[in-house]
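First comes the structure, then the notes that go with it.
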Amino acid sequence: MSRTIESIFRPFSPSDAERSDRSAGDRARHRLKVRESIRENIADIIAEESIIGKDRDKVIKVPIRGIREYKFVYGDNAPGVGQGTGESQNGQVVGRVKQPGKSGEDKAGDQPGTDYYETDVTLEELIDIMFEDLELPDLERKALRQLESFRVAKRKGYRAVGIRVRLDKRRTARERVRRKLATARVARARDDATSTAAVQVPQAGERRFPFHDDDLVYRHMIMDVKKESNAVVMCIMDTSGSMDTMKKYLARSFFFLLFQFICTKYRNVEIVFIAHHTEANEVTEDEFFHKGESGGTFISSGFNKALEITQARYHPSLWNIYAFHCSDGDNFDSDNPAALRAAKELADVCNLFGYGEIKPLGSRYYESSMLNIFRRLEADNFQTVLIERKEDIWPSFKAFLARDRGRDQ
Amino acid sequence: MADYSLKDLEYWDARIREKVDELGLDCFPQEFEVCDYGQMLGYMAYSGMPSHYPHWSYGKAYEKLKTLYDYGVSGLPYEMVINSNPALAYLMRDNSLCLQILTIAHVYGHNDFFKNNFTFKSTRPEFTIGGFKAHADRIRRYADTPSIGLEKVENLLDAAHALALQCRRNLAVKKLTEDQERDRLVAVATPRVDPFQRIHRRQEFVEPDLRKVPPTPDEDLLLFIRDHNPFLQEWEKDLLTVVHEETEYFIPQIETKIMNEGWASFFHKRILESLELPQDLHLEFLVRHNQVVRPIPGSLNPYHLGLRMWEDIERRGDTPTPDERESIPRGKTGRNLLFETREVDRDVSFIRRWLDERLMRDLDLFRYEPKGDDLVITDVSDDTGWQQVKETLLKNIGMGGVPVIRVEDADYNHNRTLFLGHAHDGRDLQLEYAEKSLGYLHRLWGRDVTLETVVNGKRTFLTFGERGFSAKAAK
């Protein structure tokens, strides 16, 4: 047939196909790089709006910047040539400039934008990476404060002595039957030995066979110290008129981080939302973040509400309490002493209590600030932070956690 | 699954080869390997090579391809063929019979092109697969050596990959050694013997600076560093060589993308049209063929442009217009023109020679420029604009997308600073990328590196040194 060209077909071999995942090693290295890159850019990533308030197992897209393959390329002032449909005209807009860092279609492989891409990580994974980044060895080594909470009695075997209420009637009765049979056998053996058929063994039913002290069986109980790890996160936020959407968003990011962090450390975590203006209310999450209130601010009201809830539902002997208060610092002057007093009380019952003052850049700086007032509060588990923009959230969060009282215990 | 067996493929392959012979294509022996989609992704990530050294960037390529494929953003290519002797092509098992036939025909087109185009003469196709395997083995060995390790190898490869494309473009031109360069400089500077020297003004002798390294600007950055950085270890030099050689292997493919794809499309069309396919296969062929060679509005499909140009070249040979008749040597048929051109041209010369105003207007090519955030058409292919469009196109194809950067001086300011010049042609460098790439260059060179370029119309020196990156405008 063919004179000059030879050809060979190599058929498909399933076993080769299975063994041929040649890129596995390189993919693993790449994955590692992605993780490193996420760790480096963690402050940016957590400031992205999209991850706040997501479920832990949800997959989120994280923009990766660190693993681009750099080379010399032309910038965006370079003209190009395209093909039209027949009616192209001067001045016609045919597309948009690709920004480096925005995903684009991979065409020539020489455009800066093409190396950028998003990677999928679950929030869980991201949180792991985040807290790896924390580098808080104290927190890592010891579990946070564990409370010896539920002293429950636990059964452990039987004893011949005990108190009346722990008497095991069933086992006691069985002991008695056993003793009775044994007594009868002993009597029979003795009769055989003396061998007088005339002597009758008394019938069991005829004579009483009372309980004896030896028959009594008591359940034995020991005390079981159960280390319970309960935590409650108290999110207290100023919802007065001056808290706009941006401020609330910053607060929300902070609360989100706090909650996620606490969740990694305790088994049972609850969350309480307290919104306050001149008076405080416990609200749902949705109301907390989306419902705006108007009017002035009594910060003390929020703290008092938190104390109230603590007393009612989360007693400090059973719960690790993490309270954080976000406000823009605009408090009525008359309330300041009361607020300081309430803060002191709250700090006493909490593992960690923080105050975050949210002042986005560009907001008016001459506004009153609570930072100065809270500076007077002397408690080693109290921390104030100032959040001016998204990028501040992560550093302030780290600073806040460094104060945890749990690590000393 | 597949509605055909290997026998079917062999049957159609034999028929295709008959046609290939008839058409006069001249091919390497051809091997086809049937693979599944996972293997195909693997081959694509490693540029088709059965064996390739490991680097995380290939893992990244794989993940990206897989994502695009899984989400249906892009289909896998029907075919992948590598330039080697024998030529090696992969056929995806899950493709329909029609697609396989189309692919086989297309592969023979590439095969012929690899064997005959002049740019591929430097690639030594008989050593391709073995060469890549040897590179892979060596690099794996370095990674396994305790005193080197994966981390170091990877870091060096990162840097080498960043600079790999900064190399000579036309490999058909022989590279002179530095001594030969110096001889040439002396020869150029020496005044020629002039029989009329009495009446001519005496030519001035300008003494060339023979102490300079490099004597003339050098485009091969990796090789230059390998040969002039005395602190590099042998394994590091070897890695630079490997990366350089692999890049040189791929440059002809970058430089002939339009010709090569056009050529293969031109012939798969010819072959399939003459095969007398059953009607259902033929209809599917028409659909598939159109998917491959359709124009993509707003951008440029090399399959489409190439195919149209080859068809136009054949037409010129067979039925030239009166204007064209003069430019075509007497007695040349369309066939002659086709086969000559596939041998002696690369994309740039191909387009310069064969893309004329009429064809450009037919294709509705336009030139665009960024204005603010938008890309705006500045010229269309009409009487006034077509030359502008063509010039821009010539700048952008092949290696034109890679800035020309040359080593000018290895001892700049007498402190061993590496001085490089960017041949600015109106397009500025992307500065973030330039900064990072200079960082890699600095890592390899071990001392300061300075790049002269133009930023927003101003001569600028970009320097990367011990204290990091700095940019300074020239006075």
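As shown in the structure tokens, the chain order sets the letters A, B, ...; within each chain, residues go from 1, and ligands are also counted from 1 in the order they appear.
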Checklist line | Residues within 12 Å of Gln203 in chain B, only C-alpha atoms, excluding chain neighbours under 2 positions, as a PyMOL selection string | finding: chain B and resi 189-194+196-201+205-206
Residues from the last selection, C-alpha atoms, saved as an mmCIF file, in the first residue's frame:
```cif
data_model
loop_
_atom_site.group_PDB
_atom_site.id
_atom_site.type_symbol
_atom_site.label_atom_id
_atom_site.label_comp_id
_atom_site.auth_asym_id
_atom_site.auth_seq_id
_atom_site.Cartn_x
_atom_site.Cartn_y
_atom_site.Cartn_z
ATOM 1 C CA ALA B 189 36.862 47.717 11.979
ATOM 2 C CA THR B 190 39.849 47.148 9.735
ATOM 3 C CA PRO B 191 39.665 49.511 6.748
ATOM 4 C CA ARG B 192 39.221 47.733 3.478
ATOM 5 C CA VAL B 193 41.943 47.907 0.904
ATOM 6 C CA ASP B 194 40.980 50.779 -1.287
ATOM 7 C CA PHE B 196 41.607 54.677 -4.898
ATOM 8 C CA GLN B 197 42.944 55.637 -1.527
ATOM 9 C CA ARG B 198 44.804 58.580 -2.966
ATOM 10 C CA ILE B 199 41.653 60.354 -3.902
ATOM 11 C CA HIS B 200 39.381 59.052 -1.142
ATOM 12 C CA ARG B 201 39.382 60.417 2.295
ATOM 13 C CA PHE B 205 39.984 53.309 12.253
ATOM 14 C CA VAL B 206 37.941 52.910 15.353
#
```
Report as a short mmCIF file (atom, residue, chain, number, x, y, z; two decimals) with all heavy atoms, in the first residue's frame the set of chain A residues whose atoms approach chain B to within 6 Å, with distances computed over only C-alpha atoms.
```cif
data_model
loop_
_atom_site.label_atom_id
_atom_site.label_comp_id
_atom_site.auth_asym_id
_atom_site.auth_seq_id
_atom_site.Cartn_x
_atom_site.Cartn_y
_atom_site.Cartn_z
N SER A 2 1.23 1.65 1.19
CA SER A 2 2.01 2.89 1.26
C SER A 2 3.46 2.59 0.95
O SER A 2 4.01 1.58 1.39
CB SER A 2 1.88 3.47 2.65
OG SER A 2 2.90 4.40 2.85
N ILE A 5 5.81 6.00 3.79
CA ILE A 5 5.60 6.27 5.22
C ILE A 5 5.22 5.00 5.95
O ILE A 5 4.39 4.23 5.48
CB ILE A 5 4.47 7.29 5.42
CG1 ILE A 5 4.66 8.46 4.49
CG2 ILE A 5 4.41 7.73 6.86
CD1 ILE A 5 3.41 9.24 4.30
N GLU A 6 5.83 4.83 7.09
CA GLU A 6 5.40 3.71 7.92
C GLU A 6 4.65 4.26 9.11
O GLU A 6 4.89 5.38 9.55
CB GLU A 6 6.63 2.96 8.45
CG GLU A 6 7.39 2.22 7.38
CD GLU A 6 8.80 1.92 7.87
OE1 GLU A 6 8.95 1.71 9.10
OE2 GLU A 6 9.71 1.92 7.03
N SER A 7 3.73 3.43 9.59
CA SER A 7 3.06 3.89 10.80
C SER A 7 2.79 2.71 11.72
O SER A 7 2.67 1.58 11.28
CB SER A 7 1.76 4.60 10.47
OG SER A 7 0.81 3.67 10.02
N ILE A 8 2.75 3.00 12.99
CA ILE A 8 2.50 1.98 14.00
C ILE A 8 1.39 2.48 14.90
O ILE A 8 1.37 3.67 15.24
CB ILE A 8 3.76 1.76 14.88
CG1 ILE A 8 4.92 1.29 14.03
CG2 ILE A 8 3.46 0.79 16.00
CD1 ILE A 8 6.21 1.18 14.82
N PHE A 9 0.50 1.60 15.29
CA PHE A 9 -0.51 1.97 16.29
C PHE A 9 -0.23 1.23 17.58
O PHE A 9 -0.05 0.02 17.57
CB PHE A 9 -1.91 1.61 15.80
CG PHE A 9 -2.49 2.66 14.91
CD1 PHE A 9 -2.19 2.67 13.56
CD2 PHE A 9 -3.30 3.64 15.43
CE1 PHE A 9 -2.70 3.64 12.74
CE2 PHE A 9 -3.81 4.62 14.61
CZ PHE A 9 -3.52 4.63 13.26
N ARG A 10 -0.14 1.98 18.63
CA ARG A 10 -0.02 1.33 19.92
C ARG A 10 -1.36 1.39 20.61
O ARG A 10 -1.88 2.48 20.86
CB ARG A 10 1.05 2.01 20.77
CG ARG A 10 2.22 1.09 21.02
CD ARG A 10 3.31 1.80 21.75
NE ARG A 10 4.15 2.58 20.86
CZ ARG A 10 4.65 3.77 21.18
NH1 ARG A 10 4.36 4.32 22.33
NH2 ARG A 10 5.41 4.40 20.33
N PRO A 11 -1.97 0.22 20.87
CA PRO A 11 -3.33 0.25 21.43
C PRO A 11 -3.34 0.78 22.84
O PRO A 11 -2.32 0.85 23.52
CB PRO A 11 -3.76 -1.21 21.37
CG PRO A 11 -2.49 -1.98 21.40
CD PRO A 11 -1.45 -1.14 20.72
N PHE A 12 -4.52 1.12 23.26
CA PHE A 12 -4.70 1.63 24.62
C PHE A 12 -4.48 0.53 25.62
O PHE A 12 -4.96 -0.59 25.45
CB PHE A 12 -6.12 2.17 24.76
CG PHE A 12 -6.43 2.63 26.15
CD1 PHE A 12 -5.82 3.76 26.66
CD2 PHE A 12 -7.33 1.94 26.94
CE1 PHE A 12 -6.09 4.19 27.93
CE2 PHE A 12 -7.60 2.36 28.22
CZ PHE A 12 -6.99 3.49 28.71
N SER A 23 1.94 13.14 36.81
CA SER A 23 2.02 14.50 37.34
C SER A 23 1.74 14.56 38.84
O SER A 23 1.74 15.63 39.42
CB SER A 23 1.06 15.41 36.59
OG SER A 23 -0.25 14.96 36.77
N ASP A 26 4.34 16.40 40.94
CA ASP A 26 4.39 17.83 40.66
C ASP A 26 3.13 18.52 41.14
O ASP A 26 3.17 19.68 41.55
CB ASP A 26 4.56 18.06 39.15
CG ASP A 26 5.97 17.74 38.70
OD1 ASP A 26 6.85 17.73 39.57
OD2 ASP A 26 6.18 17.50 37.51
N ARG A 27 2.02 17.80 41.09
CA ARG A 27 0.78 18.40 41.59
C ARG A 27 0.87 18.62 43.10
O ARG A 27 0.44 19.63 43.62
CB ARG A 27 -0.42 17.51 41.28
CG ARG A 27 -0.74 17.45 39.79
CD ARG A 27 -2.21 17.23 39.56
NE ARG A 27 -2.73 16.08 40.25
CZ ARG A 27 -2.70 14.84 39.76
NH1 ARG A 27 -2.16 14.62 38.58
NH2 ARG A 27 -3.19 13.84 40.43
N ARG A 29 3.60 19.12 44.81
CA ARG A 29 4.49 20.28 45.05
C ARG A 29 3.74 21.58 44.80
O ARG A 29 3.90 22.54 45.54
CB ARG A 29 5.70 20.24 44.11
CG ARG A 29 6.70 19.18 44.39
CD ARG A 29 7.37 19.37 45.72
NE ARG A 29 8.17 20.58 45.84
CZ ARG A 29 8.74 20.97 46.97
NH1 ARG A 29 8.59 20.25 48.06
NH2 ARG A 29 9.45 22.07 47.01
N HIS A 30 2.96 21.57 43.77
CA HIS A 30 2.20 22.77 43.43
C HIS A 30 1.21 23.10 44.54
O HIS A 30 1.07 24.25 44.95
CB HIS A 30 1.47 22.54 42.10
CG HIS A 30 0.53 23.64 41.75
ND1 HIS A 30 -0.80 23.44 41.52
CD2 HIS A 30 0.73 24.97 41.61
CE1 HIS A 30 -1.37 24.60 41.26
NE2 HIS A 30 -0.48 25.53 41.29
N TYR A 70 6.86 34.03 36.70
CA TYR A 70 7.23 35.32 36.12
C TYR A 70 8.21 35.15 34.98
O TYR A 70 9.04 34.26 34.98
CB TYR A 70 7.86 36.20 37.21
CG TYR A 70 6.87 36.64 38.24
CD1 TYR A 70 6.74 35.97 39.44
CD2 TYR A 70 6.04 37.73 37.98
CE1 TYR A 70 5.81 36.38 40.39
CE2 TYR A 70 5.12 38.14 38.92
CZ TYR A 70 5.01 37.47 40.12
OH TYR A 70 4.08 37.88 41.03
N LYS A 71 8.08 36.01 34.01
CA LYS A 71 9.11 36.13 32.97
C LYS A 71 8.94 37.52 32.39
O LYS A 71 8.03 38.24 32.75
CB LYS A 71 8.95 35.04 31.92
CG LYS A 71 7.55 34.92 31.38
CD LYS A 71 7.42 33.60 30.64
CE LYS A 71 5.96 33.23 30.51
NZ LYS A 71 5.67 31.86 30.48
N PHE A 72 9.85 37.88 31.49
CA PHE A 72 9.72 39.20 30.88
C PHE A 72 8.56 39.17 29.89
O PHE A 72 8.55 38.36 28.98
CB PHE A 72 11.01 39.59 30.17
CG PHE A 72 12.12 39.92 31.11
CD1 PHE A 72 13.19 39.06 31.29
CD2 PHE A 72 12.09 41.10 31.84
CE1 PHE A 72 14.22 39.36 32.17
CE2 PHE A 72 13.12 41.41 32.72
CZ PHE A 72 14.18 40.54 32.88
N VAL A 73 7.60 40.06 30.10
CA VAL A 73 6.47 40.13 29.16
C VAL A 73 6.18 41.60 28.89
O VAL A 73 6.64 42.49 29.60
CB VAL A 73 5.20 39.47 29.73
CG1 VAL A 73 5.38 37.98 29.86
CG2 VAL A 73 4.81 40.09 31.06
N TYR A 74 5.41 41.82 27.86
CA TYR A 74 5.02 43.18 27.55
C TYR A 74 3.86 43.61 28.45
O TYR A 74 3.04 42.80 28.87
CB TYR A 74 4.63 43.30 26.08
CG TYR A 74 5.82 43.26 25.16
CD1 TYR A 74 5.94 42.28 24.18
CD2 TYR A 74 6.83 44.20 25.27
CE1 TYR A 74 7.04 42.24 23.35
CE2 TYR A 74 7.93 44.16 24.45
CZ TYR A 74 8.04 43.19 23.49
OH TYR A 74 9.13 43.15 22.68
N GLY A 75 3.82 44.89 28.70
CA GLY A 75 2.76 45.43 29.53
C GLY A 75 1.50 45.67 28.73
O GLY A 75 1.35 45.18 27.61
N ALA A 78 0.68 47.45 24.82
CA ALA A 78 1.05 46.83 23.57
C ALA A 78 -0.18 46.66 22.67
O ALA A 78 -1.19 46.11 23.11
CB ALA A 78 1.68 45.46 23.84
N PRO A 79 -0.11 47.14 21.44
CA PRO A 79 -1.22 46.93 20.52
C PRO A 79 -1.24 45.49 20.01
O PRO A 79 -0.26 44.76 20.15
CB PRO A 79 -0.91 47.90 19.38
CG PRO A 79 0.56 48.11 19.43
CD PRO A 79 0.99 47.88 20.84
N GLY A 80 -2.36 45.10 19.45
CA GLY A 80 -2.48 43.74 18.94
C GLY A 80 -3.29 43.72 17.67
O GLY A 80 -3.78 44.75 17.20
N VAL A 81 -3.45 42.52 17.11
CA VAL A 81 -4.24 42.37 15.90
C VAL A 81 -5.32 41.34 16.16
O VAL A 81 -5.08 40.32 16.79
CB VAL A 81 -3.35 41.91 14.72
CG1 VAL A 81 -4.20 41.55 13.52
CG2 VAL A 81 -2.37 43.00 14.35
N GLY A 82 -6.52 41.65 15.69
CA GLY A 82 -7.62 40.72 15.84
C GLY A 82 -8.35 40.59 14.53
O GLY A 82 -8.05 41.27 13.55
N GLN A 83 -9.31 39.68 14.54
CA GLN A 83 -10.08 39.46 13.34
C GLN A 83 -11.53 39.81 13.61
O GLN A 83 -12.08 39.44 14.64
CB GLN A 83 -9.95 38.01 12.91
CG GLN A 83 -10.59 37.72 11.59
CD GLN A 83 -10.26 36.32 11.11
OE1 GLN A 83 -9.73 35.51 11.87
NE2 GLN A 83 -10.59 36.03 9.87
N GLY A 84 -12.14 40.54 12.69
CA GLY A 84 -13.52 40.95 12.89
C GLY A 84 -14.47 40.11 12.06
O GLY A 84 -14.08 39.13 11.44
N GLY A 86 -16.25 41.37 9.61
CA GLY A 86 -16.49 41.95 8.30
C GLY A 86 -16.86 43.41 8.34
O GLY A 86 -16.77 44.11 7.35
N ASN A 90 -12.79 51.82 12.62
CA ASN A 90 -11.91 52.53 13.54
C ASN A 90 -12.72 53.06 14.72
O ASN A 90 -13.83 53.55 14.54
CB ASN A 90 -11.24 53.70 12.84
CG ASN A 90 -10.13 53.21 11.94
OD1 ASN A 90 -9.79 52.02 11.97
ND2 ASN A 90 -9.58 54.10 11.14
N GLY A 91 -12.14 52.96 15.90
CA GLY A 91 -12.80 53.50 17.07
C GLY A 91 -13.73 52.52 17.76
O GLY A 91 -14.19 52.77 18.87
N GLN A 92 -13.96 51.41 17.11
CA GLN A 92 -14.85 50.41 17.71
C GLN A 92 -14.14 49.77 18.91
O GLN A 92 -12.94 49.50 18.87
CB GLN A 92 -15.13 49.35 16.66
CG GLN A 92 -16.24 48.40 16.98
CD GLN A 92 -16.42 47.41 15.84
OE1 GLN A 92 -16.19 47.74 14.67
NE2 GLN A 92 -16.80 46.19 16.16
N VAL A 93 -14.91 49.53 19.98
CA VAL A 93 -14.33 48.89 21.16
C VAL A 93 -14.45 47.38 21.01
O VAL A 93 -15.54 46.87 20.74
CB VAL A 93 -15.05 49.36 22.44
CG1 VAL A 93 -14.51 48.59 23.64
CG2 VAL A 93 -14.85 50.84 22.64
N VAL A 94 -13.33 46.69 21.11
CA VAL A 94 -13.38 45.25 20.88
C VAL A 94 -13.09 44.43 22.12
O VAL A 94 -13.08 43.21 22.06
CB VAL A 94 -12.39 44.83 19.78
CG1 VAL A 94 -12.87 45.26 18.43
CG2 VAL A 94 -11.00 45.38 20.06
N GLY A 95 -12.86 45.08 23.22
CA GLY A 95 -12.58 44.28 24.40
C GLY A 95 -12.10 45.17 25.51
O GLY A 95 -12.10 46.40 25.38
N ARG A 96 -11.70 44.53 26.58
CA ARG A 96 -11.21 45.30 27.71
C ARG A 96 -9.77 44.91 27.99
O ARG A 96 -9.36 43.79 27.72
CB ARG A 96 -12.08 45.03 28.93
CG ARG A 96 -13.51 45.48 28.75
CD ARG A 96 -14.30 45.28 30.03
NE ARG A 96 -13.81 46.13 31.10
CZ ARG A 96 -14.05 47.43 31.18
NH1 ARG A 96 -14.77 48.03 30.27
NH2 ARG A 96 -13.57 48.13 32.20
N VAL A 97 -9.05 45.86 28.52
CA VAL A 97 -7.66 45.60 28.86
C VAL A 97 -7.63 44.57 29.97
O VAL A 97 -8.33 44.69 30.96
CB VAL A 97 -6.96 46.88 29.33
CG1 VAL A 97 -5.56 46.58 29.80
CG2 VAL A 97 -6.94 47.89 28.19
#
```
Margin query: DSSP on the backbone: which residues in range 106-331 of chain B end up as helix (DSSP H, G or I)? Give the answer as a VMD selection string.
Written below: chain B and resid 106 to 116 118 to 123 125 to 144 149 to 163 178 to 189 221 to 228 234 to 255 257 to 274 279 to 293 302 to 318 322 to 327
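The neighbours of Pro215 in chain B here are the residues that come within 7 Å of it, using only C-alpha atoms and leaving out any residue fewer than 3 positions away in the same chain; they are Glu178, Glu181, Arg182, Leu210 and Lys212 of chain B.
Between CA of Val292 in chain B and CA of Gln100 in chain B the separation is 14.0 Å.
For the pair CA of Ile321 in chain A and CA of Trp394 in chain A, the separation is 21.1 Å.
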Next item on the list: Considering only C-alpha atoms, return as number ranges by chain whatever protein or nucleic-acid residues lie within 9 Å of Glu388 in chain A, sequence-local ones (same chain, fewer than 6 positions apart) excluded.
Entry: A: 250, 357-361
